[in-house]
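*Asks:* The structure under discussion is supplied below as structure tokens; questions concerning it will follow.
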Number of protein chains: 8
Amino acid sequence: MGSDSDLPVMKQAEDVLKELEIPVELTIISAHRTPDRMFDFAKNAHKRGIQVIIAGAGGAAHLPGMVASLSPLPVIGVPIKSSNSIDGWDSILSILQMPNGVPVATVALNGAKNAGILAAQILGTTDPLVLEKIISYKKSLADKVKEKYERIEKERKQ
Amino acid sequence: MGSDSDLPVMKQAEDVLKELEIPVELTIISAHRTPDRMFDFAKNAHKRGIQVIIAGAGGAAHLPGMVASLSPLPVIGVPIKSSNSIDGWDSILSILQMPNGVPVATVALNGAKNAGILAAQILGTTDPLVLEKIISYKKSLADKVKEKYERIEKERKQ
Amino acid sequence: MGSDSDLPVMKQAEDVLKELEIPVELTIISAHRTPDRMFDFAKNAHKRGIQVIIAGAGGAAHLPGMVASLSPLPVIGVPIKSSNSIDGWDSILSILQMPNGVPVATVALNGAKNAGILAAQILGTTDPLVLEKIISYKKSLADKVKEKYERIEKERKQ
Amino acid sequence: MGSDSDLPVMKQAEDVLKELEIPVELTIISAHRTPDRMFDFAKNAHKRGIQVIIAGAGGAAHLPGMVASLSPLPVIGVPIKSSNSIDGWDSILSILQMPNGVPVATVALNGAKNAGILAAQILGTTDPLVLEKIISYKKSLADKVKEKYERIEKERKQ
Amino acid sequence: MGSDSDLPVMKQAEDVLKELEIPVELTIISAHRTPDRMFDFAKNAHKRGIQVIIAGAGGAAHLPGMVASLSPLPVIGVPIKSSNSIDGWDSILSILQMPNGVPVATVALNGAKNAGILAAQILGTTDPLVLEKIISYKKSLADKVKEKYERIEKERKQ
Amino acid sequence: MGSDSDLPVMKQAEDVLKELEIPVELTIISAHRTPDRMFDFAKNAHKRGIQVIIAGAGGAAHLPGMVASLSPLPVIGVPIKSSNSIDGWDSILSILQMPNGVPVATVALNGAKNAGILAAQILGTTDPLVLEKIISYKKSLADKVKEKYERIEKERKQ
Amino acid sequence: MGSDSDLPVMKQAEDVLKELEIPVELTIISAHRTPDRMFDFAKNAHKRGIQVIIAGAGGAAHLPGMVASLSPLPVIGVPIKSSNSIDGWDSILSILQMPNGVPVATVALNGAKNAGILAAQILGTTDPLVLEKIISYKKSLADKVKEKYERIEKERKQ
Amino acid sequence: MGSDSDLPVMKQAEDVLKELEIPVELTIISAHRTPDRMFDFAKNAHKRGIQVIIAGAGGAAHLPGMVASLSPLPVIGVPIKSSNSIDGWDSILSILQMPNGVPVATVALNGAKNAGILAAQILGTTDPLVLEKIISYKKSLADKVKEKYERIEKERKQ
């Protein structure tokens with residue numbers, strides 16, 4: 001993530017990955033304040049055995065796109081509605097609108113949880129265990145909705 | 001893709017995947033006109049050995065998100081600036097802004113080429129051959145730019 | 001509605017329909033978390049004697065459009081400014097901008113009350129009793145404004 | 001409709017209703033240029049046996065909302081991207097964002113065809129013949145998509 | 001104004017006109033809830049000796065435009081950022097974007113004070129006394145700024 | 001107007017004023033290229049007997065607001081969708097959103113014709129002859145619509 | 001700056017310049033309330049030895065552009081999200097979208113700190129001492145990020 | 001500039017600088033396709049005697065901001081409305097909305113000519129000859145307007 005102010009959002013990616021028992025490392029790399037560190041990180045990530053990179057940033061959010069330009073790995077971008085952002089539009093557009101050749105897999109504004117799930121899905125394409133976990137996770141989502149609609153319907157029948 | 005009018009855009013994903021020698025199938029599935037077909041496709045894709053789904057649609061673009069809700073596979077969404085779209089904003093927002101639990105990996109407006117590359121990158125996380133192809137592909141992008149700046153600089157030196 | 005967080009808004013539709021003595025059932029159906037339930041509901045609603053469907057959702061709001069694709073009944077869509085929505089624009093555009101063949105009758109952002117009134121108006125096209133209730137309801141709106149302008153004008157004359 | 005320049009769009013509503021064998025009348029009523037005519041029309045439509053009103057307009061589009069304020073019938077609004085409109089945003093917002101008590105059933109920008117289908121669906125809530133036609137119409141949409149995807153898949157198998 | 005919730009904003013127009021000693025009447029006329037009252041008011045205002053109309057409304061704000069369609073007087077429109085408005089965009093666009101032939105003199109979002117000043121300026125085109133008041137008013141604005149910059153500059157010199 | 005490229009739009013104001021037999025002068029004053037000329041013009045217009053100023057400009061359109069700051073006369077602003085404008089949004093916002101104390105009577109994007117009519121309406125507040133012309137003009141608008149709806153209705157009866 | 005309500009934002013420019021030991025003067029000049037003062041200031045600034053002008057304003061923000069039209073010096077514009085601004089869009093567009101010939105160096109919404117740094121960078125183009133300070137300042141930014149990521153990484157290793 | 005497709009726009013900066021007799025070099029550096037080249041260029045520009053950098057890019061335009069993060073020189077950003085841009089909004093926001101510490105002096109969409117003039121103004125802060133040229137250039141702008149308004153006024157007097 002680009003700044004420690006992004007932590008409350010980006011921690012959700014870390015949390016869901018831990019919940020799915022997928023190893024994750026979380027750190028701060030600022031495209032604009034520590035460009036050298038970004039270069040080193042992005043150029044070497046795939047050599048260190050990292051398989052997917054999640055990059056979150058707000059405002060003129062260059063971190064996801066620059067990491068994508070420097071790494072052959074899939075990069076998931078999380079636009080963050082930070083305090084200096086114009087309702088999140090700047091974050092979304094500067095992450096999403098990458099030129100041909102350098103994709104960033106963009107998720108919803110502040111959608112760090114989905115970034116974690118997407119990372120797991122990517123690993124699940126070849127790891128049947130992770131795929132099973134995704135299938136269970138989706139089922140649990142349905143179960144939670146079921147609980148809610150049964151309560152609401154019951155209330156209305158009384 | 002949701003409609004045959006999306007073909008000129010979505011063909012770019014097919015082309016880049018063929019160029020990278022990754023098997024690809026391309027068809028039309030309309031979320032709104034053929035919902036049953038969408039259900040069958042999305043629920044069974046991972047059982048058929050499909051690893052990544054690319055879904056492109058325009059306007060109130062529900063195809064990528066609905067496929068993502070029905071499949072455990074990573075779904076890449078391509079917002080298309082179709083004739084009935086408001087400058088592409090509707091396509092982007094209805095693909096990008098998915099709720100927690102159901103990510104869509106969204107690429108740029110009309111960014112089908114990047115969707116193809118992203119799909120390859122996803123496979124490259126476990127397939128070293130594909131990873132190599134991605135690295136070569138990125139190098140070729142740099143080479144093309146080099147050719148252009150050398151020409152422009154040469155013109156100016158004369 | 002797509003989530004129980006939509007209840008404070010969607011309850012207004014239920015309330016106005018009860019006020020107009022029109023039978024109503026309210027439940028949660030998530031397009032993305034319970035797609036099977038959505039399919040069953042939407043395909044069978046008209047067989048169960050339901051005449052109008054009101055569907056409210058926020059963010060990438062696919063529920064109204066998907067229900068409209070699966071049911072021959074008129075579907076009223078309520079865009080909801082939920083916490084994960086970008087000022088409501090995503091909700092509005094992903095409900096409103098449906099492709100040809102699959103309309104959603106969209107009302108204002110958070111306009112669940114109007115969704116209820118519209119549902120009553122639809123029934124009123126063939127039920128003279130309901131039509132009368134609509135006419136009375138509209139008169140009561142004018143009466144409330146009258147009370148207010150008389151008070152304001154009186155204050156200013158003193 | 002508010003102007004004869006809206007005819008190419010609004011004719012699509014007339015066409016689809018004729019196709020579904022539902023009687024329809026089409027005329028021009030300008031909220032801003034013929035307000036008296038609008039008043040007469042809207043106040044008396046339900047007395048003349050009209051069941052649903054479709055109103056299309058562009059720019060600061062007041063026709064649908066004003067007709068809705070004057071008539072107890074359901075009013076379907078078609079935002080039109082006319083020459084004086086800012087990419088259609090003004091048309092959409094001035095039709096959609098109606099205050100509580102006075103709904104307009106808004107369809108997509110230039111979505112006159114969908115307005116016609118929605119009108120038929122409204123009649124279909126009590127007319128089983130019309131409901132059947134809607135069901136057939138939806139099936140025909142799926143059939144057209146089927147034709148297209150079979151051709152595309154066939155081309156790719158060769 | 002269209003609703004009593006607009007009073008805190010619209011009172012500023014009343015206040016500035018009273019300050020400039022220009023007679024003003026303030027009331028509620030809802031385009032959508034009391035259309036008949038709006039018709040009577042707008043058609044007869046110029047016959048009652050009213051010279052300028054200020055109309056404020058929010059959301060799908062039809063009051064200023066409809067009054068302008070019914071009256072030959074200059075109509076000043078105040079877009080109001082009411083609770084049901086999307087950041088004021090709907091209010092602005094549905095007041096500003098009037099078709100050829102029916103202008104509304106639109107002021108800034110919530111700019112009721114400026115609406116009052118503009119009304120005074122309109123009267124000042126033929127009433128030298130009012131023109132003098134406008135000139136004095138503008139001088140007082142400059143004086144207030146002078147006071148402020150002198151204080152800030154003084155603070156910095158210490 | 002701020003530039004000769006605005007002439008095709010702004011000429012419509014001149015034309016409608018000539019049609020209403022109201023004397024008008026048209027010239028180019030650029031806020032950014034001829035600021036001194038703007039100062040002289042705006043400070044002295046009311047001394048020269050000018051009663052209303054119409055100012056049209058595009059992009060970061062400062063002419064209307066600066067003239068309004070320098071003159072006690074009512075200033076009508078015409079946002080122009082010039083080639084350097086972002087779909088007209090910059091023109092609209094930089095004319096409309098004036099601070100308290102300095103109103104600009106803003107009309108629709110490219111709405112120079114309405115600016116001319118509004119100027120006439122302002123004069124009509126004290127000049128009964130001009131008021132009569134406005135009333136006739138409005139009647140002629142209704143007549144033109146009448147012609148059109150009669151033709152459309154006739155076509156449909158055949 | 002255009003108003004004393006802009007002080008909390010604009011003080012950040014003053015602060016960073018003082019921190020970099022660059023002389024700065026701060027005052028209020030309102031384009032719309034004190035146009036004469038603006039003219040005097042802008043026309044004479046370069047004669048008084050001023051090298052860079054920073055102008056901040058909100059809403060229809062004409063101060064930066066008008067100063068740029070009157071002065072040959074580089075003008076840095078700070079769009080301010082003031083209370084009368086529409087989420088800052090009006091401030092940004094009316095400062096950024098200047099016509100050819102009259103640039104304003106626009107920084108981010110409320111980006112007064114960056115305006116100060118940019119002013120220093122401009123002086124640093126010819127003053128090696130200031131250039132050194134800029135280089136140190138940038139290093140200090142990286143150091144602060146380093147501190148943060150080391151803490152976060154340490155926490156995660158425990 | 002980020003791509004050779006930006007040449008028609010960016011050449012205007014080169015042209016105006018040549019016209020003002022200021023040495024300029026123009027080349028292509030893609031943030032996303034040639035990140036290493038960008039790093040080398042940006043880190044060393046000030047050592048090579050370059051005083052101001054103009055960077056133009058479209059879409060998710062990261063070039064200006066990344067160069068600004070790597071160089072102590074003032075960086076002027078030109079948002080370009082390229083074919084893959086959403087009406088230019090992505091280009092503007094990803095250049096303008098830089099975080100604190102790393103300013104980009106952003107000019108209007110496609111405003112490369114103004115970028116050239118701004119660069120000259122920056123040099124003019126310490127070079128009296130360049131300052132003189134800027135003053136002359138501004139006078140020539142006024143002269144061109146004068147020619148135009150004299151012609152228009154003359155036409156109208158005949």
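Each chain in the structure tokens gets a letter, A, B and so on, in the order shown; residues start at 1 in every chain, and ligands are counted from 1 in the order they appear.
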With 6 Å as the limit and counting only C-alpha atoms, what residues in chain A lie close to chain C? Please list them as number ranges by chain.
*Replies:* A: 141-142, 149
*Asks:* So that I can check the surroundings of B:Lys157, please list as a list in words every protein, DNA and RNA residue that reaches within 12 Å of it, counting only C-alpha atoms and ignoring chain neighbours fewer than 2 positions away.
*Replies:*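 Answer for this query is Glu150, Arg151, Ile152, Glu153, Lys154 and Glu155 of chain B; Val24, Glu25, Leu26 and Thr27 of chain H.
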*Asks:* In Å, with one decimal, what is the gap from atom CA of G:Pro103 to atom CA of E:Val145?
*Replies:*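 Calculated distance between atom CA of G:Pro103 and atom CA of E:Val145 is 26.7 Å.
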*Asks:* Can you pull out every residue within 12 Å of D:Glu14, counting only C-alpha atoms, but drop anything in the same chain fewer than 6 positions away, and send it as a count of residues only?
*Replies:* 23
*Asks:* Counting only C-alpha atoms, which of B:Leu109, B:Ala61, B:Met10, B:Leu73 gets nearest to B:His46?
*Replies:*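 Among the listed residues, the smallest separation from B:His46 belongs to B:Leu73.
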*Asks:* What is the atom CA of E:Gly111-atom CA of E:Tyr137 distance in Å, reported with one decimal?
*Replies:*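 Separation of atom CA of E:Gly111 and atom CA of E:Tyr137: 16.8 Å.
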*Asks:* Residues near C:Ala45, anyone? I mean within 12 Å using only C-alpha atoms, not counting same-chain ones fewer than 3 positions away, as a list in words.
*Replies:*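 Near neighbours after the sequence-gap exclusion: Glu25, Arg37, Met38, Phe39, Asp40, Phe41, Ala42, Arg48, Gly49, Ile50, Gln51, Val52, Ile53, Ile54, Val67, Ala68, Leu70, Ser71, Pro72, Leu73, Pro74 and Val75 of chain C; Thr125 of chain D.
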*Asks:* Tell me, as a ChimeraX atom specification, which residues lie within 8 Å of G:Ala31, counting only C-alpha atoms; anything in the same chain fewer than 6 positions away does not count.
*Replies:* /F:66,69 /G:2,38,62-63,66
*Asks:* Please, which residues of chain B, numbered as in this document, come out strand (DSSP E or B) from DSSP, as a ChimeraX atom specification?
*Replies:* /B:53-58,75-80,105-106
